[in-house]
Amino acid sequence: MKLPQRSITTKLILLFLLVGLSSVMIVGTYSFYSAQRAIMHRTFDQLISVRAIKKQQLIYFFTEKIKNLEHLSRNINFGKEDYLTYGFTSLYLVSDKSGQVHIRPTDSGRFQKITPGTLSQIKKIINEVRQKNDVAISDLFYPDSRDSIPVCLIACQRKTIPLEASEFIILEIPATEINRIMLQDNSRIGLGKSGEAYLVGSDLLMRSASRFIHGSILRIPVKSETVKIALQGKTGASMAEDYRGIRVFSAYDPIDLSGLKWVVMAEIDYEEAMIPVKDLRNDILLVSIVISVFILGFAQVITRMITQPIITLKNAASRLGEGDFNNKVKIHSRDEIGSLAEAFNTMSDQVREERRKRILALFDGQEMERRRISRELHDGLGQKLVGTKLQIETCNADDPACIRKTMDETKSNLHGIVDELRRISNDLMPASLDELGLETALDNLCREVGRQVGIEIDFDASINSLLSANTKVFLFRIAQEGIHNVIKHAKARYVSMQLIESRDSLIMILEDDGLGFDPSMSERGNGLSNMKERANILGGTFTIESEPGKGTTLRVKIPIEK
């Protein structure tokens, strides 16, 4: 699958955005969760403080009521204003002898009627006082089904009556007094809009008014896990669902006071407590957007500074590829881009110089080839033709023997001229290269040159692949140039040429036992440059291995297609 191309500018901008946004996301996420943990700890600490304060206030309230009760129990004569002053709504005197419940007369002088529910609770609390021989407090109850405010009773034995009389004083505390402590509906004093503190009894019913549900006392069940844990005598704080089914932060603590087994709860809705965290999240998102816009602008500026020189280099390289060797890159930055520009300019100069040398080498080669052909035509064919012409001109036309002799010599000369033309033609482009293949052409070249110069040139080849016309011509020219260099410079007595086919390449090796040279110190002539250039055009390599006095090995390796 081909991947879509993207410019360096796009990649750099994406990289800047990725790094910048990743950093913002990491910092934002860390800040968010750190703030969330801090808010949760602060909320729990606040609820624990509220729970402790409410519990302390509640204990203090009942402690004061007990003191008030004990004070009244020692007072022989007290009236309505005495117990009303302490916040009690009713007072009951119970005589153990008569079993009658006596109530202090009201202003009208009549006795108040006692409801069955109140009577049942009075009997129960008297039993508790007897068992404990101390103050007892009853749980909340409704005196009558029509009542909207529950009450609780607090009782003790009167201190001013002889023990054998066993008279008890019982005072009634309305739930409104407890609600003044527990109910908090002011959002500015600690629990916000959804927080509340309330009491729950052992029967899982509320013992104080709910902030959200009217008439909740002894009617609304609270079956949350935190209440059940608190009723087991444990104190703590955690998240749970409250009696409304809403997720809340909850702090709980049991209360065991003179027989009362209640649980004090302080709670606040999770959503309200997390409002600062949500605000922080929104702030982080807003800051992220602002930073993203800033990073995008910053990335475009920085990317332009980085990519503009690269684009300039790319355009210069394109013009260089089109042949504009005079193009220079003007970049004054003192960094890697500046170094790259200097290297490009140096490369451009080198390519231009190399091109100039190659053109000169091409022209020199053409001129040398022309001189060689001209010399061979002049010294070889020209002399033979001139000699033949002189023989014909000096022949006596009237002498049949002379004519016959001249004709024989002319035929012989013409055969030599034909052979010379074939040799020259073979040097230019051997017919055997196209007709019989590269192996035969190279074999003929080695035998012909060896015969002419009088040295031994061995040739060995093994080729199974079909070679292109260019490959055959270029390899032949490389071999021809190499052999001519050996004859001209090496003074060798033995020359070997091998043509070997491997799995994916064709290797030609030309070795001699001549004088040799130092390839690193020697100035290479046009012949070596031409051989290397032809090997490069074929996509191959050209190497020279030589040492002074140890001969020379030329190795050409080109790829072949199966």
# chains A, B, ... in the order shown; residues from 1 in each chain; ligands from 1
>>> residues_around(residues="Pro143 of chain A", least_positions_apart="6", cutoff="8 Å", atoms="only C-alpha atoms", output="list in words")
Thr115, Pro116, Gly117, Thr118, Pro150 and Val151 of chain A
>>> closest_residue(among="A:Ser288, A:Ser462, A:Phe344, A:Ile125", to="Thr312 of chain A", atoms="only C-alpha atoms")
A:Phe344
>>> atom_distance(atom1="atom CA of Lys278 of chain A", atom2="atom CA of Gly297 of chain A")
28.7 Å
>>> residues_around(residues="segment 192-194 of chain A", least_positions_apart="2", cutoff="12 Å", atoms="only C-alpha atoms", output="ChimeraX atom specification")
/A:43,46-47,184-190,196-197,210-212,242,244,246-249,266-275
>>> residues_around(residues="Asn470 of chain A", least_positions_apart="4", cutoff="9 Å", atoms="only C-alpha atoms", output="list in words")
Phe474, Leu475 and Leu538 of chain A
>>> atom_distance(atom1="atom CA of Arg42 of chain A", atom2="atom CA of Asn282 of chain A")
20.6 Å
>>> closest_residue(among="A:Gln308, A:Ser49, A:Thr440, A:Gln131", to="Leu191 of chain A", atoms="only C-alpha atoms")
A:Ser49
>>> atom_distance(atom1="atom CA of Ser145 of chain A", atom2="atom CA of Gly259 of chain A")
24.6 Å
>>> residues_around(residues="Ile455 of chain A", least_positions_apart="4", cutoff="7 Å", atoms="only C-alpha atoms", output="PyMOL selection string")
chain A and resi 450+493-494
>>> write_last_selection(atoms="C-alpha atoms", output="mmCIF file, in the first residue's frame")
data_model
loop_
_atom_site.group_PDB
_atom_site.id
_atom_site.type_symbol
_atom_site.label_atom_id
_atom_site.label_comp_id
_atom_site.auth_asym_id
_atom_site.auth_seq_id
_atom_site.Cartn_x
_atom_site.Cartn_y
_atom_site.Cartn_z
ATOM 1 C CA GLY A 450 47.385 -10.708 -28.837
ATOM 2 C CA ARG A 493 53.716 -10.381 -20.820
ATOM 3 C CA TYR A 494 50.480 -12.071 -19.791
#
>>> residues_around(residues="Leu205 of chain A", least_positions_apart="4", cutoff="10 Å", atoms="only C-alpha atoms", output="CSV table (one decimal) with C-alpha atoms, in the first residue's frame")
chain,number,residue,atom,x,y,z
A,199,LEU,CA,-30.3,11.9,61.9
A,200,VAL,CA,-31.3,8.2,61.2
A,201,GLY,CA,-32.6,5.8,63.7
A,216,SER,CA,-39.7,13.2,56.4
A,217,ILE,CA,-39.2,12.4,60.1
A,218,LEU,CA,-40.2,8.7,60.9
A,219,ARG,CA,-41.5,8.5,57.3
A,220,ILE,CA,-38.6,8.5,54.9
A,221,PRO,CA,-36.3,5.4,55.0
A,222,VAL,CA,-32.6,5.8,54.6
A,223,LYS,CA,-31.1,2.5,53.3
A,262,TRP,CA,-29.0,7.3,66.2
>>> residues_around(residues="segment 476-489 of chain A", least_positions_apart="4", cutoff="9 Å", atoms="only C-alpha atoms", output="list of chain:residue names")
A:Asp427, A:Leu433, A:Leu438, A:Ala441, A:Leu442, A:Leu445, A:Cys446, A:Val449, A:Val453, A:Thr471, A:Lys472, A:Val495, A:Met497, A:Met508, A:Leu510, A:Asp512, A:Gly514, A:Leu515, A:Gly516, A:Gly527, A:Leu528, A:Asn530, A:Met531, A:Lys532, A:Arg534, A:Ala535, A:Thr552, A:Leu554, A:Val556
>>> closest_residue(among="A:Ser120, A:Ile558, A:Gly551, A:Glu322", to="Ile537 of chain A", atoms="only C-alpha atoms")
A:Ile558
>>> select_by_dssp(residues="segment 193-325 of chain A", states="strand (DSSP E or B)", output="number ranges by chain")
A: 196-201, 205-206, 221, 236-241, 247-257, 260-269
>>> select_by_dssp(residues="segment 100-311 of chain A", states="alpha helix (DSSP H)", output="PyMOL selection string")
chain A and resi 116-132+175-182+225-231+270-273+275-311
>>> closest_residue(among="A:Ile126, A:Ile173, A:Leu69, A:Ile255", to="Lys54 of chain A", atoms="only C-alpha atoms")
A:Ile255
